[in-house]
2 protein chains.
Amino acid sequence: MLTRQTLHDAHDRIRPYIHRTPCLTNQTIDQMVGASIVFKCENFQKIGAFKARGGMNAALQLTDQEKINGIATHSSGNHGQAVAFAARQLGMPAYVVMPRTAPQVKKDAVRGYGAHVIECEPTLAAREATVADVIARTGATLIHPYDDDHVIAGQGTATIELIEDNPTGKPFDVILAPVGGGGLISGTALATQLLSPSTRVIGAEPEGAADAILSLKSGQVEKAPYIQTIADGLMATLSERTLGYIRQYVHEIKLASDDEIRAAQRLVWERMKIIIEPSCAVPLAVVLKYKNEFTDQTIGIILTGGNVDLGKYFS
Amino acid sequence: MLTRQTLHDAHDRIRPYIHRTPCLTNQTIDQMVGASIVFKCENFQKIGAFKARGGMNAALQLTDQEKINGIATHSSGNHGQAVAFAARQLGMPAYVVMPRTAPQVKKDAVRGYGAHVIECEPTLAAREATVADVIARTGATLIHPYDDDHVIAGQGTATIELIEDNPTGKPFDVILAPVGGGGLISGTALATQLLSPSTRVIGAEPEGAADAILSLKSGQVEKAPYIQTIADGLMATLSERTLGYIRQYVHEIKLASDDEIRAAQRLVWERMKIIIEPSCAVPLAVVLKYKNEFTDQTIGIILTGGNVDLGKYFS
């Protein structure tokens with residue numbers, strides 16, 4: 001069970017290794033929505049995404065004996081980099097199982113942190129089998145991308161900072177974060193409930209990976225009707241654990257289409273001059289889509305990451 | 001003659017209208033150069049560029065009578081937006097002469113601030129004739145993009161903040177800014193000379209608009225051998241005034257090629273997750289190119305702006 005103390009302990013634990021990222025505001029976007037939005041810029045975080053927090057908090061829980069054998073995970077995205085980063089900070093080996101079809105740039109990024117990249121076929125079954133094999137062979141500890149209370153507590157530390165650093169002088173009416181496997185929204189909702197209980201929490205999910213909205217409705221883990229979205233960091237399915245937190249602390253889940261996500265992403269690039277990835281734009285897409293529901297509110301949004309392939313722009 | 005008092009007065013004058021932009025650092029880039037670099041992020045400034053400072057300082061010098069008739073300029077770039085922005089802040093009309101070939105998005109941006117856009121043929125002669133006609137007709141006051149001490153003092157206020165907010169705890173060994181018409185580098189060099197006289201100042205110029213390096217060598221305003229560069233904000237030629245400041249206070253001008261500029265721009269996008277325009281990347285390109293000359297130094301770089309056409313990425 002995660003408590004206020006667990007969250008603050010996680011924050012104290014990871015603080016030497018992470019950035020306290022800035023909270024930015026933008027007048028133009030505020031005017032478009034008719035509200036006051038604070039963006040917590042985890043795109044400026046170590047590895048370019050909030051996942052450094054959860055990975056670091058989980059890695060710091062290992063015993064000295066476990067540290068010798070290191071940590072393992074499977075991920076084609078930011079969590080792989082987070083595990084590699086955490087392992088390097090603590091001087092232990094990391095094993096990241098990645099589909100052989102993952103972009104070279106992502107494999108290189110993980111290797112750049114000194115981790116071992118183990119390639120597998122691009123199926124969930126192959127990924128899980130390969131990581132099990134790696135763990136059996138090396139004795140490494142699995143760090144799951146979201147089905148792990150240490151990871152969830154780590155992700156929740158972004159919301160501690162968002163609430164503490166809120167520049168508006170008014171308490172948040174609502175805080176939004178994207179929903180993939182549910183680790184971030186769980187940590188966000190927990191931290192909000194514990195530090196600012198009158199603030200609502202809304203999960204923002206792509207239409208093309210809409211499992212969480214169904215799961216929250218039915219009360220059990222559901223699969224998305226289909227998986228097709230530019231928000232490539234949000235394709236995972238909730239676990240029993242993250243669904244539990246969501247049912248308890250998240251007030252609502254709202255969907256945005258790829259076109260709406262892309263428009264929100266472009267708006268942030270153009271107006272705020274910062275780079276965010278598509279997965280990161282879903283909460284703003286939701287706020288723009290349902291702006292009548294947010295009029296005059298003070299809104300916190302976790303901007304989750306900025307890892308995009310810029311080849312298209314610089315080619 | 002610009003003094004320390006002139007600069008501080010300019011800063012006090014424009015402060016209510018502009019952002020105090022953040023100073024950012026990046027560990028990866030520091031390691032690549034072997035130095036400690038502080039980036040003054042004027043891409044986060046009002047209108048997305050430092051030019052809001054100079055435009056605002058010049059506009060604020062107008063008498064009440066002059067304010068009725070408003071301000072005028074010719075510009076296809078950020079200075080046009082700066083004049084439009086300043087006029088709107090002060091409730092006066094603005095007239096911006098732009099070549100009819102300027103991108104629609106730039107004309108729209110100027111119109112977005114409520115300014116009148118007057119189109120002309122895309123030649124310097126047509127631009128100057130058209131702005132003279134506009135001034136004759138309206139009584140507006142010309143705000144030149146750089147050949148104006150009020151504008152130069154305004155641009156220098158970015159360096160005041162850079163020096164005051166320097167997060168390294170060590171004084172700057174060198175400060176770099178791009179060179180186009182010379183307004184920014186003049187203000188930068190003046191402010192540095194007045195506030196941190198032991199700091200060197202280096203101007204960074206594209207190879208494809210290399211007039212300032214020649215002018216500094218010969219001591220008179222020279223034309224660039226050719227004009228062809230992706231740094232589209234740096235194509236202007238020095239004036240007698242800006243050459244005078246450069247001769248007095250700038251230690252050196254260094255060149256970078258378009259490939260080097262593009263690589264530096266991409267590095268900032270990828271590693272710092274912020275959007276900068278090509279003109280803005282020239283100082284970092286110079287630092288990367290001549291990194292042996294900067295080893296172990298504390299370096300300040302003015303990141304001048306982030307106004308780029310993102311259509312290529314989002315198409």
# chains A, B, ... in the order shown; residues from 1 in each chain; ligands from 1
$ closest_atom_pairs --of "chain B" --to "chain A" --cutoff "6 Å" --atoms "only C-alpha atoms" --output "Markdown table"
| residue | atom | partner | partner_atom | distance |
| --- | --- | --- | --- | --- |
| B:Lys273 | CA | A:Ile275 | CA | 4.9 |
| B:Ile274 | CA | A:Ile274 | CA | 4.2 |
| B:Ile275 | CA | A:Lys273 | CA | 4.9 |
| B:Tyr313 | CA | A:Tyr313 | CA | 5.0 |
$ residues_around --residues "Leu195 in chain B" --least-positions-apart "3" --cutoff "8 Å" --atoms "only C-alpha atoms" --output "ChimeraX atom specification"
/B:4,160,163,191-192
$ write_last_selection --atoms "all heavy atoms" --output "CSV table (one decimal), in the first residue's frame"
chain,number,residue,atom,x,y,z
B,4,ARG,N,26.3,51.7,-18.8
B,4,ARG,CA,25.7,50.7,-17.9
B,4,ARG,C,24.3,51.2,-17.4
B,4,ARG,O,23.3,50.4,-17.4
B,4,ARG,CB,26.6,50.6,-16.7
B,4,ARG,CG,26.2,49.5,-15.7
B,4,ARG,CD,27.3,49.4,-14.6
B,4,ARG,NE,26.9,48.4,-13.6
B,4,ARG,CZ,27.7,47.5,-13.2
B,4,ARG,NH1,28.9,47.3,-13.7
B,4,ARG,NH2,27.2,46.6,-12.3
B,160,ILE,N,22.4,40.9,-19.7
B,160,ILE,CA,22.2,41.2,-18.2
B,160,ILE,C,21.7,40.0,-17.5
B,160,ILE,O,22.3,39.6,-16.4
B,160,ILE,CB,21.3,42.4,-18.0
B,160,ILE,CG1,21.9,43.7,-18.7
B,160,ILE,CG2,21.1,42.7,-16.5
B,160,ILE,CD1,20.9,44.9,-18.6
B,163,ILE,N,24.1,36.9,-17.3
B,163,ILE,CA,25.2,37.1,-16.3
B,163,ILE,C,24.6,37.0,-14.9
B,163,ILE,O,25.2,36.4,-14.0
B,163,ILE,CB,25.9,38.4,-16.6
B,163,ILE,CG1,26.7,38.3,-17.9
B,163,ILE,CG2,26.9,38.8,-15.4
B,163,ILE,CD1,27.3,39.6,-18.4
B,191,ALA,N,26.9,44.9,-23.0
B,191,ALA,CA,26.5,44.5,-21.7
B,191,ALA,C,27.6,43.7,-21.0
B,191,ALA,O,27.9,43.8,-19.8
B,191,ALA,CB,25.2,43.6,-21.8
B,192,THR,N,28.3,42.8,-21.8
B,192,THR,CA,29.3,42.0,-21.2
B,192,THR,C,30.5,42.9,-20.8
B,192,THR,O,31.0,42.8,-19.7
B,192,THR,CB,29.8,41.0,-22.3
B,192,THR,OG1,28.7,40.2,-22.7
B,192,THR,CG2,30.9,40.1,-21.7
$ atom_distance --atom1 "CA of Glu222 in chain B" --atom2 "CA of Val286 in chain B"
21.7 Å
$ residues_around --residues "range 99-110 of chain B" --least-positions-apart "6" --cutoff "10 Å" --atoms "only C-alpha atoms" --output "list in words"
Ile47, His74, Ser75, Ser76, Gly77, Asn78, His79, Gly80, Gln81, Ala82, Val83, Ala84, Phe85, His116, Val117, Ile118, Glu119, Cys120, Glu121, Pro122, Thr123, Leu124, Ala126, Arg127, Asn307, Val308 and Asp309 of chain B
$ select_by_dssp --residues "range 89-301 of chain B" --states "strand (DSSP E)" --output "ChimeraX atom specification"
/B:94-99,116-120,141-142,174-178,200-206,252-256,298-301
$ write_last_selection --atoms "C-alpha atoms" --output "tab-separated table (two decimals), in the first residue's frame"
chain	number	residue	atom	x	y	z
B	94	ALA	CA	2.06	49.17	-36.36
B	95	TYR	CA	2.95	48.99	-40.06
B	96	VAL	CA	5.16	46.12	-41.16
B	97	VAL	CA	6.41	46.07	-44.74
B	98	MET	CA	7.03	42.51	-45.88
B	99	PRO	CA	8.08	41.07	-49.25
B	116	HIS	CA	-0.96	46.26	-40.76
B	117	VAL	CA	1.05	44.20	-43.25
B	118	ILE	CA	2.06	46.11	-46.36
B	119	GLU	CA	3.39	43.87	-49.12
B	120	CYS	CA	6.14	44.91	-51.54
B	141	THR	CA	8.15	56.25	-36.43
B	142	LEU	CA	10.63	53.86	-38.03
B	174	VAL	CA	33.27	33.78	-23.09
B	175	ILE	CA	29.81	34.75	-24.33
B	176	LEU	CA	28.70	34.04	-27.89
B	177	ALA	CA	25.83	35.42	-29.95
B	178	PRO	CA	24.97	35.21	-33.66
B	200	ARG	CA	35.50	37.59	-24.08
B	201	VAL	CA	32.72	38.06	-26.66
B	202	ILE	CA	32.63	36.06	-29.87
B	203	GLY	CA	30.25	36.67	-32.74
B	204	ALA	CA	29.09	33.61	-34.67
B	205	GLU	CA	28.32	34.08	-38.33
B	206	PRO	CA	27.22	31.73	-41.12
B	252	GLU	CA	36.50	37.72	-32.59
B	253	ILE	CA	34.05	36.52	-35.22
B	254	LYS	CA	33.99	32.84	-36.14
B	255	LEU	CA	32.22	31.13	-39.01
B	256	ALA	CA	30.17	27.94	-39.27
B	298	THR	CA	32.45	28.55	-18.83
B	299	ILE	CA	30.52	29.61	-21.90
B	300	GLY	CA	27.36	31.66	-22.29
B	301	ILE	CA	25.32	31.31	-25.48
$ residues_around --residues "Asp149 in chain A" --least-positions-apart "2" --cutoff "9 Å" --atoms "only C-alpha atoms" --output "mmCIF file with all heavy atoms, in the first residue's frame"
data_model
loop_
_atom_site.group_PDB
_atom_site.id
_atom_site.type_symbol
_atom_site.label_atom_id
_atom_site.label_comp_id
_atom_site.auth_asym_id
_atom_site.auth_seq_id
_atom_site.Cartn_x
_atom_site.Cartn_y
_atom_site.Cartn_z
ATOM 1 N N MET A 1 0.848 -1.205 0.000
ATOM 2 C CA MET A 1 0.000 0.000 0.000
ATOM 3 C C MET A 1 0.879 1.248 0.000
ATOM 4 O O MET A 1 1.788 1.385 0.815
ATOM 5 C CB MET A 1 -0.903 -0.027 1.248
ATOM 6 C CG MET A 1 -1.887 1.140 1.335
ATOM 7 S SD MET A 1 -2.927 1.284 -0.133
ATOM 8 C CE MET A 1 -3.376 3.018 -0.041
ATOM 9 N N LEU A 2 0.597 2.142 -0.920
ATOM 10 C CA LEU A 2 1.399 3.355 -1.026
ATOM 11 C C LEU A 2 0.790 4.455 -0.162
ATOM 12 O O LEU A 2 -0.392 4.758 -0.267
ATOM 13 C CB LEU A 2 1.459 3.804 -2.479
ATOM 14 C CG LEU A 2 2.237 2.852 -3.402
ATOM 15 C CD1 LEU A 2 2.056 3.244 -4.850
ATOM 16 C CD2 LEU A 2 3.711 2.869 -3.036
ATOM 17 N N ALA A 58 12.828 2.035 -8.328
ATOM 18 C CA ALA A 58 12.839 0.574 -8.230
ATOM 19 C C ALA A 58 14.271 0.063 -8.068
ATOM 20 O O ALA A 58 14.547 -0.811 -7.233
ATOM 21 C CB ALA A 58 12.181 -0.029 -9.470
ATOM 22 N N TYR A 146 5.339 -0.983 -15.327
ATOM 23 C CA TYR A 146 4.263 -0.317 -14.566
ATOM 24 C C TYR A 146 3.646 -1.181 -13.472
ATOM 25 O O TYR A 146 3.094 -0.652 -12.525
ATOM 26 C CB TYR A 146 3.171 0.213 -15.506
ATOM 27 C CG TYR A 146 2.587 -0.812 -16.449
ATOM 28 C CD1 TYR A 146 1.500 -1.596 -16.085
ATOM 29 C CD2 TYR A 146 3.134 -0.997 -17.721
ATOM 30 C CE1 TYR A 146 0.973 -2.533 -16.962
ATOM 31 C CE2 TYR A 146 2.618 -1.928 -18.600
ATOM 32 C CZ TYR A 146 1.533 -2.695 -18.223
ATOM 33 O OH TYR A 146 1.016 -3.616 -19.085
ATOM 34 N N ASP A 147 3.769 -2.497 -13.573
ATOM 35 C CA ASP A 147 3.074 -3.350 -12.592
ATOM 36 C C ASP A 147 3.953 -3.547 -11.362
ATOM 37 O O ASP A 147 4.320 -4.675 -11.009
ATOM 38 C CB ASP A 147 2.716 -4.693 -13.243
ATOM 39 C CG ASP A 147 1.774 -5.503 -12.356
ATOM 40 O OD1 ASP A 147 0.963 -4.876 -11.624
ATOM 41 O OD2 ASP A 147 1.866 -6.747 -12.385
ATOM 42 N N VAL A 151 7.845 1.405 -8.918
ATOM 43 C CA VAL A 151 7.797 2.191 -10.159
ATOM 44 C C VAL A 151 6.671 3.226 -10.069
ATOM 45 O O VAL A 151 6.862 4.402 -10.385
ATOM 46 C CB VAL A 151 7.612 1.253 -11.372
ATOM 47 C CG1 VAL A 151 7.315 2.054 -12.639
ATOM 48 C CG2 VAL A 151 8.859 0.383 -11.562
ATOM 49 N N ILE A 152 5.533 2.786 -9.605
ATOM 50 C CA ILE A 152 4.375 3.693 -9.493
ATOM 51 C C ILE A 152 4.687 4.851 -8.535
ATOM 52 O O ILE A 152 4.398 6.016 -8.833
ATOM 53 C CB ILE A 152 3.134 2.901 -9.044
ATOM 54 C CG1 ILE A 152 2.671 1.985 -10.190
ATOM 55 C CG2 ILE A 152 2.013 3.829 -8.584
ATOM 56 C CD1 ILE A 152 1.603 0.966 -9.802
ATOM 57 N N ALA A 153 5.308 4.537 -7.403
ATOM 58 C CA ALA A 153 5.668 5.607 -6.452
ATOM 59 C C ALA A 153 6.644 6.581 -7.099
ATOM 60 O O ALA A 153 6.538 7.803 -6.942
ATOM 61 C CB ALA A 153 6.276 5.002 -5.184
ATOM 62 N N GLY A 154 7.605 6.046 -7.837
ATOM 63 C CA GLY A 154 8.569 6.914 -8.519
ATOM 64 C C GLY A 154 7.882 7.850 -9.502
ATOM 65 O O GLY A 154 8.150 9.057 -9.528
ATOM 66 N N GLY A 183 0.955 3.002 -15.025
ATOM 67 C CA GLY A 183 1.898 3.315 -13.947
ATOM 68 C C GLY A 183 1.909 4.799 -13.608
ATOM 69 O O GLY A 183 1.831 5.183 -12.438
ATOM 70 N N GLY A 187 0.435 6.622 -10.135
ATOM 71 C CA GLY A 187 1.275 7.442 -9.265
ATOM 72 C C GLY A 187 0.763 8.869 -9.173
ATOM 73 O O GLY A 187 0.766 9.487 -8.104
ATOM 74 N N ARG A 241 -3.139 -4.392 -10.782
ATOM 75 C CA ARG A 241 -2.657 -3.393 -9.822
ATOM 76 C C ARG A 241 -3.009 -1.975 -10.267
ATOM 77 O O ARG A 241 -3.582 -1.200 -9.499
ATOM 78 C CB ARG A 241 -1.139 -3.520 -9.701
ATOM 79 C CG ARG A 241 -0.491 -2.583 -8.678
ATOM 80 C CD ARG A 241 1.045 -2.550 -8.829
ATOM 81 N NE ARG A 241 1.595 -3.876 -8.921
ATOM 82 C CZ ARG A 241 2.063 -4.575 -7.880
ATOM 83 N NH1 ARG A 241 2.083 -4.042 -6.685
ATOM 84 N NH2 ARG A 241 2.546 -5.800 -8.063
#
$ residues_around --residues "Lys67 in chain B" --least-positions-apart "5" --cutoff "12 Å" --atoms "only C-alpha atoms" --output "PDB file with C-alpha atoms, in the first residue's frame"
ATOM      1  CA  ALA B  58      12.436  51.397 -28.879  1.00  0.00           C
ATOM      2  CA  ALA B  59       8.643  51.631 -28.811  1.00  0.00           C
ATOM      3  CA  LEU B  60       8.691  52.739 -25.190  1.00  0.00           C
ATOM      4  CA  GLN B  61      10.828  55.783 -26.098  1.00  0.00           C
ATOM      5  CA  LEU B  62       8.097  57.346 -28.211  1.00  0.00           C
ATOM      6  CA  ALA B  72       6.763  51.041 -38.788  1.00  0.00           C
ATOM      7  CA  ALA B  86       5.341  46.157 -29.010  1.00  0.00           C
ATOM      8  CA  ALA B  87       2.651  48.238 -30.714  1.00  0.00           C
ATOM      9  CA  ARG B  88      -0.094  46.016 -29.373  1.00  0.00           C
ATOM     10  CA  GLN B  89       1.329  46.194 -25.850  1.00  0.00           C
ATOM     11  CA  LEU B  90       1.241  49.983 -26.020  1.00  0.00           C
ATOM     12  CA  GLY B  91      -2.043  50.319 -27.906  1.00  0.00           C
ATOM     13  CA  MET B  92      -0.657  51.973 -31.018  1.00  0.00           C
ATOM     14  CA  PRO B  93      -0.763  51.111 -34.712  1.00  0.00           C
ATOM     15  CA  ALA B  94       2.061  49.174 -36.362  1.00  0.00           C
ATOM     16  CA  THR B 138       0.986  57.756 -41.566  1.00  0.00           C
ATOM     17  CA  GLY B 139       3.557  59.720 -39.603  1.00  0.00           C
ATOM     18  CA  ALA B 140       4.687  56.468 -37.998  1.00  0.00           C
ATOM     19  CA  THR B 141       8.150  56.255 -36.432  1.00  0.00           C
ATOM     20  CA  LEU B 142      10.631  53.859 -38.030  1.00  0.00           C
TER      21      LEU B 142
END
$ select_by_dssp --residues "range 200-275 of chain B" --states "alpha helix (DSSP H)" --output "ChimeraX atom specification"
/B:211-218,240-249,258-267
$ write_last_selection --atoms "N, CA and C atoms" --output "compact mmCIF listing (two decimals), in the first residue's frame"
# COMPACT_ATOMS: atom_id res chain seq x y z
N ASP B 211 29.70 38.71 -43.84
CA ASP B 211 30.12 40.11 -44.00
C ASP B 211 30.82 40.64 -42.75
N ALA B 212 30.38 40.22 -41.58
CA ALA B 212 30.92 40.83 -40.36
C ALA B 212 32.39 40.48 -40.16
N ILE B 213 32.76 39.24 -40.48
CA ILE B 213 34.16 38.85 -40.29
C ILE B 213 35.07 39.67 -41.20
N LEU B 214 34.58 39.95 -42.40
CA LEU B 214 35.36 40.79 -43.33
C LEU B 214 35.39 42.24 -42.86
N SER B 215 34.26 42.72 -42.38
CA SER B 215 34.17 44.12 -41.95
C SER B 215 35.06 44.36 -40.73
N LEU B 216 35.08 43.40 -39.82
CA LEU B 216 35.92 43.55 -38.64
C LEU B 216 37.40 43.60 -39.05
N LYS B 217 37.73 42.82 -40.10
CA LYS B 217 39.12 42.77 -40.57
C LYS B 217 39.52 44.08 -41.26
N SER B 218 38.65 44.58 -42.14
CA SER B 218 39.02 45.76 -42.92
C SER B 218 38.73 47.05 -42.18
N GLU B 240 27.21 51.06 -40.00
CA GLU B 240 28.38 51.75 -39.40
C GLU B 240 28.30 51.67 -37.88
N ARG B 241 27.08 51.85 -37.37
CA ARG B 241 26.90 51.85 -35.92
C ARG B 241 27.28 50.50 -35.31
N THR B 242 26.72 49.42 -35.87
CA THR B 242 26.98 48.11 -35.26
C THR B 242 28.44 47.70 -35.49
N LEU B 243 29.00 48.05 -36.65
CA LEU B 243 30.42 47.76 -36.84
C LEU B 243 31.27 48.49 -35.79
N GLY B 244 30.87 49.71 -35.47
CA GLY B 244 31.60 50.46 -34.44
C GLY B 244 31.62 49.72 -33.11
N TYR B 245 30.46 49.24 -32.67
CA TYR B 245 30.41 48.49 -31.41
C TYR B 245 31.23 47.20 -31.51
N ILE B 246 31.10 46.53 -32.65
CA ILE B 246 31.81 45.26 -32.81
C ILE B 246 33.32 45.49 -32.75
N ARG B 247 33.80 46.52 -33.44
CA ARG B 247 35.24 46.81 -33.43
C ARG B 247 35.72 47.11 -32.01
N GLN B 248 34.84 47.77 -31.25
CA GLN B 248 35.27 48.18 -29.91
C GLN B 248 35.20 47.04 -28.89
N TYR B 249 34.17 46.19 -28.99
CA TYR B 249 33.89 45.27 -27.88
C TYR B 249 33.88 43.78 -28.22
N ASP B 258 26.68 25.68 -43.16
CA ASP B 258 25.29 25.26 -42.99
C ASP B 258 25.19 23.85 -42.39
N ASP B 259 26.07 22.94 -42.80
CA ASP B 259 26.03 21.58 -42.23
C ASP B 259 26.32 21.62 -40.73
N GLU B 260 27.28 22.44 -40.35
CA GLU B 260 27.61 22.55 -38.92
C GLU B 260 26.46 23.20 -38.14
N ILE B 261 25.83 24.18 -38.76
CA ILE B 261 24.70 24.86 -38.11
C ILE B 261 23.54 23.87 -37.93
N ARG B 262 23.27 23.12 -38.99
CA ARG B 262 22.16 22.17 -38.94
C ARG B 262 22.41 21.09 -37.87
N ALA B 263 23.67 20.62 -37.80
CA ALA B 263 24.00 19.59 -36.81
C ALA B 263 23.84 20.13 -35.39
N ALA B 264 24.24 21.37 -35.18
CA ALA B 264 24.10 21.98 -33.85
C ALA B 264 22.62 22.17 -33.51
N GLN B 265 21.84 22.59 -34.51
CA GLN B 265 20.40 22.76 -34.28
C GLN B 265 19.77 21.43 -33.89
N ARG B 266 20.11 20.38 -34.63
CA ARG B 266 19.53 19.07 -34.33
C ARG B 266 19.95 18.58 -32.95
N LEU B 267 21.21 18.82 -32.59
CA LEU B 267 21.69 18.42 -31.26
C LEU B 267 20.86 19.06 -30.15
